[in-house]
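Peer 1: Dropping in coords-v7.cif, which is mmCIF, C-alpha atoms:
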data_final
#
loop_
_atom_site.group_PDB
_atom_site.id
_atom_site.type_symbol
_atom_site.label_atom_id
_atom_site.label_comp_id
_atom_site.auth_asym_id
_atom_site.auth_seq_id
_atom_site.Cartn_x
_atom_site.Cartn_y
_atom_site.Cartn_z
ATOM 1 C CA MET A 1 16.810 3.549 -8.507
ATOM 2 C CA LYS A 2 17.623 -0.169 -8.690
ATOM 3 C CA PHE A 3 18.614 -1.513 -5.277
ATOM 4 C CA LEU A 4 19.657 -4.884 -6.736
ATOM 5 C CA PRO A 5 21.662 -5.713 -9.858
ATOM 6 C CA GLU A 6 19.224 -5.928 -12.758
ATOM 7 C CA LYS A 7 19.914 -9.620 -13.417
ATOM 8 C CA ILE A 8 19.252 -10.542 -9.792
ATOM 9 C CA ASP A 9 16.129 -8.406 -9.720
ATOM 10 C CA GLN A 10 14.806 -10.073 -12.874
ATOM 11 C CA TYR A 11 15.697 -13.535 -11.540
ATOM 12 C CA ALA A 12 13.622 -12.842 -8.426
ATOM 13 C CA VAL A 13 10.690 -11.725 -10.593
ATOM 14 C CA ASN A 14 11.001 -14.769 -12.877
ATOM 15 C CA HIS A 15 10.938 -17.156 -9.931
ATOM 16 C CA SER A 16 7.987 -15.598 -8.159
ATOM 17 C CA GLN A 17 4.251 -16.154 -8.579
ATOM 18 C CA ARG A 18 2.729 -14.410 -11.598
ATOM 19 C CA GLU A 19 -0.125 -11.952 -11.238
ATOM 20 C CA PRO A 20 -3.631 -13.133 -12.246
ATOM 21 C CA GLU A 21 -4.755 -12.296 -15.780
ATOM 22 C CA PHE A 22 -7.248 -9.583 -14.792
ATOM 23 C CA LEU A 23 -4.501 -7.835 -12.832
ATOM 24 C CA GLN A 24 -2.234 -8.017 -15.861
ATOM 25 C CA GLN A 25 -5.012 -6.285 -17.784
ATOM 26 C CA LEU A 26 -5.363 -3.635 -15.060
ATOM 27 C CA ASN A 27 -1.606 -3.126 -15.157
ATOM 28 C CA ARG A 28 -1.615 -2.641 -18.930
ATOM 29 C CA GLU A 29 -4.587 -0.280 -18.947
ATOM 30 C CA THR A 30 -3.068 1.843 -16.198
ATOM 31 C CA TRP A 31 0.102 2.301 -18.244
ATOM 32 C CA GLN A 32 -1.927 3.081 -21.367
ATOM 33 C CA LYS A 33 -4.435 5.553 -19.937
ATOM 34 C CA VAL A 34 -3.386 7.009 -16.584
ATOM 35 C CA LEU A 35 -0.872 9.698 -15.691
ATOM 36 C CA ASN A 36 2.077 8.675 -13.505
ATOM 37 C CA PRO A 37 1.659 4.897 -14.026
ATOM 38 C CA ARG A 38 4.826 4.312 -11.970
ATOM 39 C CA MET A 39 2.578 4.787 -8.935
ATOM 40 C CA LEU A 40 1.158 1.323 -9.637
ATOM 41 C CA SER A 41 2.399 -1.383 -7.269
ATOM 42 C CA GLY A 42 3.116 -3.713 -10.189
ATOM 43 C CA GLY A 43 3.263 -7.481 -10.505
ATOM 44 C CA TYR A 44 6.156 -8.351 -8.192
ATOM 45 C CA GLN A 45 5.210 -6.069 -5.309
ATOM 46 C CA GLY A 46 1.575 -6.979 -5.836
ATOM 47 C CA ARG A 47 2.424 -10.640 -5.208
ATOM 48 C CA ILE A 48 4.259 -9.596 -2.040
ATOM 49 C CA LEU A 49 1.160 -7.728 -0.823
ATOM 50 C CA SER A 50 -0.977 -10.727 -1.691
ATOM 51 C CA MET A 51 1.328 -13.118 0.173
ATOM 52 C CA ILE A 52 1.424 -10.944 3.299
ATOM 53 C CA SER A 53 -2.358 -10.666 3.277
ATOM 54 C CA LYS A 54 -2.777 -14.428 2.830
ATOM 55 C CA LEU A 55 -0.409 -15.086 5.730
ATOM 56 C CA ILE A 56 -2.332 -12.704 7.995
ATOM 57 C CA GLN A 57 -5.810 -13.720 6.746
ATOM 58 C CA PRO A 58 -7.281 -10.361 7.806
ATOM 59 C CA LYS A 59 -10.923 -9.757 8.525
ATOM 60 C CA THR A 60 -10.533 -6.018 7.936
ATOM 61 C CA ILE A 61 -8.101 -4.186 5.655
ATOM 62 C CA LEU A 62 -7.592 -0.459 5.211
ATOM 63 C CA GLU A 63 -5.790 1.032 2.241
ATOM 64 C CA ILE A 64 -4.859 4.715 2.088
ATOM 65 C CA GLY A 65 -4.251 5.452 -1.586
ATOM 66 C CA THR A 66 -6.372 3.465 -4.070
ATOM 67 C CA TYR A 67 -4.941 4.823 -7.337
ATOM 68 C CA THR A 68 -6.304 2.424 -10.011
ATOM 69 C CA GLY A 69 -7.147 -0.370 -7.572
ATOM 70 C CA TYR A 70 -4.272 -2.759 -8.224
ATOM 71 C CA SER A 71 -2.888 -3.004 -4.691
ATOM 72 C CA ALA A 72 -6.384 -3.222 -3.177
ATOM 73 C CA LEU A 73 -7.138 -6.267 -5.310
ATOM 74 C CA CYS A 74 -3.848 -7.883 -4.311
ATOM 75 C CA LEU A 75 -4.546 -7.293 -0.614
ATOM 76 C CA ALA A 76 -8.112 -8.583 -1.007
ATOM 77 C CA GLU A 77 -6.780 -12.013 -1.977
ATOM 78 C CA GLY A 78 -6.072 -12.760 1.688
ATOM 79 C CA LEU A 79 -9.380 -11.544 3.108
ATOM 80 C CA GLN A 80 -11.482 -13.889 5.198
ATOM 81 C CA LYS A 81 -14.720 -14.954 3.481
ATOM 82 C CA LYS A 82 -16.777 -12.296 5.244
ATOM 83 C CA GLY A 83 -13.930 -9.786 5.454
ATOM 84 C CA MET A 84 -13.976 -6.205 4.153
ATOM 85 C CA LEU A 85 -11.410 -3.936 2.569
ATOM 86 C CA PHE A 86 -11.811 -0.152 2.805
ATOM 87 C CA THR A 87 -9.798 1.832 0.285
ATOM 88 C CA ILE A 88 -9.506 5.636 0.260
ATOM 89 C CA ASP A 89 -8.402 7.993 -2.487
ATOM 90 C CA LYS A 90 -9.041 11.686 -3.103
ATOM 91 C CA ASN A 91 -8.785 11.436 -6.906
ATOM 92 C CA GLU A 92 -12.374 11.375 -8.173
ATOM 93 C CA GLU A 93 -11.186 10.962 -11.766
ATOM 94 C CA LEU A 94 -9.893 7.451 -11.028
ATOM 95 C CA GLU A 95 -12.927 6.276 -9.057
ATOM 96 C CA ASP A 96 -14.694 4.637 -12.005
ATOM 97 C CA PHE A 97 -11.447 3.165 -13.355
ATOM 98 C CA ALA A 98 -10.810 1.283 -10.111
ATOM 99 C CA LYS A 99 -14.489 0.426 -9.637
ATOM 100 C CA LYS A 100 -14.586 -1.305 -13.031
ATOM 101 C CA TYR A 101 -11.874 -3.722 -11.960
ATOM 102 C CA PHE A 102 -13.306 -4.184 -8.487
ATOM 103 C CA LYS A 103 -16.561 -5.313 -10.103
ATOM 104 C CA GLN A 104 -14.706 -7.757 -12.368
ATOM 105 C CA SER A 105 -12.915 -9.340 -9.412
ATOM 106 C CA PRO A 106 -14.061 -12.101 -7.045
ATOM 107 C CA TYR A 107 -13.975 -9.511 -4.234
ATOM 108 C CA THR A 108 -16.505 -7.013 -5.540
ATOM 109 C CA SER A 109 -18.784 -7.391 -2.489
ATOM 110 C CA GLN A 110 -15.833 -7.134 -0.087
ATOM 111 C CA ILE A 111 -14.354 -3.823 -1.245
ATOM 112 C CA LYS A 112 -15.722 -0.493 -0.034
ATOM 113 C CA GLN A 113 -14.386 2.377 -2.112
ATOM 114 C CA LEU A 114 -14.212 5.739 -0.338
ATOM 115 C CA VAL A 115 -13.466 8.906 -2.298
ATOM 116 C CA GLY A 116 -12.241 12.008 -0.514
ATOM 117 C CA ASN A 117 -9.505 13.292 1.761
ATOM 118 C CA ALA A 118 -8.262 10.499 4.015
ATOM 119 C CA LEU A 119 -7.666 12.998 6.815
ATOM 120 C CA ASN A 120 -11.426 13.600 6.877
ATOM 121 C CA ILE A 121 -12.535 10.019 6.216
ATOM 122 C CA LEU A 122 -10.338 8.162 8.721
ATOM 123 C CA PRO A 123 -12.062 9.623 11.817
ATOM 124 C CA THR A 124 -15.422 8.338 10.498
ATOM 125 C CA LEU A 125 -14.261 4.704 10.358
ATOM 126 C CA ASN A 126 -15.220 2.750 13.461
ATOM 127 C CA GLU A 127 -13.682 -0.560 12.391
ATOM 128 C CA LYS A 128 -10.606 -2.152 13.939
ATOM 129 C CA PHE A 129 -8.095 -3.283 11.329
ATOM 130 C CA ASP A 130 -5.884 -6.330 10.924
ATOM 131 C CA LEU A 131 -3.949 -4.959 7.952
ATOM 132 C CA VAL A 132 -3.297 -1.412 6.725
ATOM 133 C CA PHE A 133 -1.467 -0.296 3.588
ATOM 134 C CA ILE A 134 -0.276 3.330 3.468
ATOM 135 C CA ASP A 135 0.527 4.440 -0.064
ATOM 136 C CA ALA A 136 -0.641 8.023 -0.467
ATOM 137 C CA ASP A 137 0.855 11.532 -0.192
ATOM 138 C CA LYS A 138 4.180 11.146 1.574
ATOM 139 C CA THR A 139 4.005 14.367 3.588
ATOM 140 C CA ASN A 140 1.063 12.952 5.545
ATOM 141 C CA TYR A 141 2.439 9.463 6.275
ATOM 142 C CA SER A 142 3.124 10.268 9.931
ATOM 143 C CA ILE A 143 -0.336 11.769 10.344
ATOM 144 C CA TYR A 144 -1.984 8.729 8.759
ATOM 145 C CA PHE A 145 -0.012 6.429 11.044
ATOM 146 C CA ASN A 146 -1.034 8.320 14.156
ATOM 147 C CA MET A 147 -4.663 8.318 13.026
ATOM 148 C CA ILE A 148 -4.810 4.551 12.442
ATOM 149 C CA ILE A 149 -2.557 3.106 15.156
ATOM 150 C CA GLY A 150 -5.428 3.289 17.641
ATOM 151 C CA LYS A 151 -7.682 1.475 15.164
ATOM 152 C CA MET A 152 -5.365 -1.558 14.879
ATOM 153 C CA ASN A 153 -6.029 -4.960 16.392
ATOM 154 C CA SER A 154 -3.212 -6.453 18.442
ATOM 155 C CA GLY A 155 -0.946 -8.368 16.075
ATOM 156 C CA GLY A 156 -2.164 -6.265 13.160
ATOM 157 C CA VAL A 157 0.232 -5.158 10.444
ATOM 158 C CA ILE A 158 0.835 -1.726 8.907
ATOM 159 C CA LEU A 159 2.556 -1.686 5.501
ATOM 160 C CA SER A 160 4.142 1.556 4.305
ATOM 161 C CA ASP A 161 5.182 1.940 0.670
ATOM 162 C CA ASN A 162 7.906 4.063 -0.983
ATOM 163 C CA VAL A 163 9.873 4.460 2.231
ATOM 164 C CA LEU A 164 13.229 4.498 0.380
ATOM 165 C CA TRP A 165 11.972 7.065 -2.139
ATOM 166 C CA SER A 166 14.406 6.171 -4.951
ATOM 167 C CA GLY A 167 17.263 6.222 -2.452
ATOM 168 C CA LYS A 168 16.770 9.891 -1.601
ATOM 169 C CA VAL A 169 16.353 9.076 2.101
ATOM 170 C CA VAL A 170 20.121 8.456 2.400
ATOM 171 C CA GLU A 171 21.190 11.481 0.374
ATOM 172 C CA GLU A 172 21.491 15.131 1.310
ATOM 173 C CA ILE A 173 17.956 16.501 1.326
ATOM 174 C CA ASP A 174 17.046 19.473 -0.811
ATOM 175 C CA PRO A 175 15.423 22.064 1.507
ATOM 176 C CA ASN A 176 12.454 22.210 -0.883
ATOM 177 C CA ASP A 177 11.988 18.427 -0.986
ATOM 178 C CA LYS A 178 9.134 18.004 1.475
ATOM 179 C CA ASP A 179 8.415 14.379 0.515
ATOM 180 C CA THR A 180 11.902 13.087 1.270
ATOM 181 C CA LYS A 181 12.083 15.021 4.525
ATOM 182 C CA ALA A 182 8.708 13.604 5.575
ATOM 183 C CA LEU A 183 9.740 10.041 4.765
ATOM 184 C CA VAL A 184 13.035 10.335 6.662
ATOM 185 C CA GLU A 185 11.095 11.506 9.728
ATOM 186 C CA TYR A 186 8.478 8.807 9.222
ATOM 187 C CA ASN A 187 11.061 6.022 9.061
ATOM 188 C CA LYS A 188 12.665 7.318 12.266
ATOM 189 C CA MET A 189 9.260 7.455 13.937
ATOM 190 C CA LEU A 190 8.394 3.863 13.035
ATOM 191 C CA ASN A 191 11.719 2.604 14.323
ATOM 192 C CA ALA A 192 11.336 4.455 17.628
ATOM 193 C CA ASP A 193 7.672 3.667 18.380
ATOM 194 C CA ASP A 194 7.512 0.987 21.084
ATOM 195 C CA ARG A 195 3.917 0.076 20.172
ATOM 196 C CA ILE A 196 5.169 -1.649 17.041
ATOM 197 C CA GLU A 197 8.087 -3.652 15.712
ATOM 198 C CA THR A 198 9.237 -2.639 12.241
ATOM 199 C CA ILE A 199 11.399 -4.033 9.489
ATOM 200 C CA LEU A 200 12.200 -2.000 6.375
ATOM 201 C CA LEU A 201 12.651 -4.112 3.247
ATOM 202 C CA PRO A 202 14.547 -2.802 0.177
ATOM 203 C CA ILE A 203 11.826 -4.133 -2.142
ATOM 204 C CA ARG A 204 11.167 -1.959 -5.181
ATOM 205 C CA ASP A 205 10.953 1.554 -3.673
ATOM 206 C CA GLY A 206 11.068 0.337 -0.088
ATOM 207 C CA LEU A 207 8.351 -1.379 1.971
ATOM 208 C CA SER A 208 8.093 -1.194 5.747
ATOM 209 C CA ILE A 209 6.288 -3.878 7.714
ATOM 210 C CA SER A 210 5.185 -2.789 11.201
ATOM 211 C CA ARG A 211 3.548 -5.287 13.541
ATOM 212 C CA VAL A 212 1.385 -3.902 16.335
ATOM 213 C CA LYS A 213 2.277 -5.405 19.708
#
Would you mind writing the file out in structure tokens?
Peer 2:
Amino acid sequence: MKFLPEKIDQYAVNHSQREPEFLQQLNRETWQKVLNPRMLSGGYQGRILSMISKLIQPKTILEIGTYTGYSALCLAEGLQKKGMLFTIDKNEELEDFAKKYFKQSPYTSQIKQLVGNALNILPTLNEKFDLVFIDADKTNYSIYFNMIIGKMNSGGVILSDNVLWSGKVVEEIDPNDKDTKALVEYNKMLNADDRIETILLPIRDGLSISRVK
């Protein structure tokens, strides 16, 4: 679903920073070789993630949902010189794909790739985070949030992707549509949690920004 008229949407893209060349290559290869390439953040949203990270200048970043590594590399652009980004994904088949681009990037020594179920990995992480990006299975968004909120530094930011879910969150929900139901509940939870302040932006498929008080 397009939330803006196509001409306005394209104007915004045309007047925003372009993605670096190696990310353009990653974008192309994802569309050529990987199933469900729409899961990729893409150039415009990637620049938004990069800008947010650069504004925060995080020492520690956590990403839940690596996919082919595009969003991790965008977030890494704002890392402090000795900062680290931890990215988790359960898809072993994409591990080497993402790793190839991590190694090509300037951030190869700052990215720790973790493969497995995030529900099992998150309890093993002892770090406190300045920035978190949740972009994995929608039915577990609320669980991920509750698992990481206690690992956030004060003033830290949690980004949640796909929170408008092609506009389905404002439509009548099919009883079998677990993803939409989960996202509706998640959005309500974020808005009601007094530990954070949240703004939901209608960017691409919806991006929530939650700042930890």
Peer 1: Considering only C-alpha atoms, can you say which of A:Asn162, A:Gln104, A:Gly156, A:Thr66 comes closest to A:Asn117?
Peer 2: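 Answer, going by the shortest atom-to-atom distance: A:Thr66.
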Peer 1: What residues come out when you apply the PyMOL selection byres ((chain A and resi 109) around 12) to this file, written as an mmCIF file with C-alpha atoms, in the frame of the given file?
Peer 2:
data_model
loop_
_atom_site.group_PDB
_atom_site.id
_atom_site.type_symbol
_atom_site.label_atom_id
_atom_site.label_comp_id
_atom_site.auth_asym_id
_atom_site.auth_seq_id
_atom_site.Cartn_x
_atom_site.Cartn_y
_atom_site.Cartn_z
ATOM 1 C CA ALA A 76 -8.112 -8.583 -1.007
ATOM 2 C CA LEU A 79 -9.380 -11.544 3.108
ATOM 3 C CA LYS A 81 -14.720 -14.954 3.481
ATOM 4 C CA LYS A 82 -16.777 -12.296 5.244
ATOM 5 C CA GLY A 83 -13.930 -9.786 5.454
ATOM 6 C CA MET A 84 -13.976 -6.205 4.153
ATOM 7 C CA LEU A 85 -11.410 -3.936 2.569
ATOM 8 C CA PHE A 86 -11.811 -0.152 2.805
ATOM 9 C CA LYS A 99 -14.489 0.426 -9.637
ATOM 10 C CA PHE A 102 -13.306 -4.184 -8.487
ATOM 11 C CA LYS A 103 -16.561 -5.313 -10.103
ATOM 12 C CA GLN A 104 -14.706 -7.757 -12.368
ATOM 13 C CA SER A 105 -12.915 -9.340 -9.412
ATOM 14 C CA PRO A 106 -14.061 -12.101 -7.045
ATOM 15 C CA TYR A 107 -13.975 -9.511 -4.234
ATOM 16 C CA THR A 108 -16.505 -7.013 -5.540
ATOM 17 C CA GLN A 110 -15.833 -7.134 -0.087
ATOM 18 C CA ILE A 111 -14.354 -3.823 -1.245
ATOM 19 C CA LYS A 112 -15.722 -0.493 -0.034
ATOM 20 C CA GLN A 113 -14.386 2.377 -2.112
#
Peer 1: Translate the PyMOL selection byres ((chain A and resi 180) around 10), as applied to the file shown, into an explicit residue set as number ranges by chain.
Peer 2: A: 138-139, 163-179, 181-186
Peer 1: Please identify all polymer residues within 10 Å of A:Phe3, counting all atoms listed in the file, omitting same-chain residues fewer than 3 positions from it, and present them as a list in words.
Peer 2: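 Contacts, with the query itself left out: Glu6, Asp9, Leu164, Ser166, Gly167, Pro202, Ile203, Arg204, Asp205 and Gly206 of chain A.
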Peer 1: Would you kindly return, as an MDAnalysis selection string, each protein, DNA or RNA residue with an atom no farther than 8 Å from any atom of A:Gly46, considering only C-alpha atoms and excluding same-chain residues fewer than 4 positions away?
Peer 2: chainID A and resid 19 41:42 50 70:71 74
Peer 1: Go through A:Ile199, A:Ile48, A:Leu40, A:Ala192 and flag the residue nearest A:Arg18, using all atoms listed in the file for the distances.
Peer 2: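 The answer is A:Ile48, which sits nearest to A:Arg18.
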Peer 1: What is the atom CA of A:Phe133 to atom CA of A:Gly150 distance in Å?
Peer 2: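 Between atom CA of A:Phe133 and atom CA of A:Gly150 the gap is 15.0 Å.
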Peer 1: Evaluating the PyMOL selection byres ((chain A and resi 114) around 6) on the displayed file yields which residues, as a PyMOL selection string?
Peer 2: chain A and resi 87-88+113+115
Peer 1: For the residues in that selection, give me C-alpha atoms as a PDB file, in the coordinates of the input.
Peer 2:
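Dumped to result12.pdb:
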ATOM      1  CA  THR A  87      -9.798   1.832   0.285  1.00  0.00           C
ATOM      2  CA  ILE A  88      -9.506   5.636   0.260  1.00  0.00           C
ATOM      3  CA  GLN A 113     -14.386   2.377  -2.112  1.00  0.00           C
ATOM      4  CA  VAL A 115     -13.466   8.906  -2.298  1.00  0.00           C
TER       5      VAL A 115
END
Peer 1: Which is closest to A:Glu77 among A:Glu21, A:Phe97, A:Leu49, A:Glu63, if we use all atoms listed in the file?
Peer 2: A:Leu49
Peer 1: Provide an axis-aligned box for all listed atoms of stretch 69-74 of chain A, padding each side by 6 Å; report its centre and its edge lengths in Å to one decimal, as AutoDock Vina command-line options.
Peer 2:
--center_x -5.0 --center_y -4.1 --center_z -5.7 --size_x 16.3 --size_y 19.5 --size_z 17.0
Peer 1: I'd like to know which of A:Lys90, A:His15, A:Lys59, A:Arg195 is closest to A:Val132, using all atoms listed in the file.
Peer 2: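 Smallest separation from A:Val132 among the options: A:Lys59.
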Peer 1: Neighbours of A:Thr68 within 9 Å (only C-alpha atoms; same-chain residues fewer than 3 positions away dropped), as a list in words?
Peer 2: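 Counting only C-alpha atoms, the residues come to Leu26, Asn27, Thr30, Val34, Leu40, Ser71, Ala72, Leu94, Glu95, Asp96, Phe97, Ala98, Lys99 and Tyr101 of chain A.
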Peer 1: Looking at only C-alpha atoms, which of A:Ile196, A:Ile8, A:Phe22, A:Pro58 is the one that sits closest to A:Gly43?
Peer 2: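 Using only C-alpha atoms, A:Gly43 sits closest to A:Phe22.
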Peer 1: Between atom CA of A:Ala118 and atom CA of A:Met39, what is the distance, to one decimal in Å?
Peer 2: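 Spanning atom CA of A:Ala118 to atom CA of A:Met39 is a straight-line distance of 17.8 Å.
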Peer 1: My list of candidates is A:Leu125, A:Leu201, A:Ile134, A:Val212. Which is closest to A:Ile149 when distances are computed with all atoms listed in the file?
Peer 2: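 Looking at the shortest contact to A:Ile149, the residue is A:Val212.
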Peer 1: Could you jot down the atom CA of A:Leu73 to atom CA of A:Ser142 separation for me, Å, one decimal place?
Peer 2: 24.7 Å
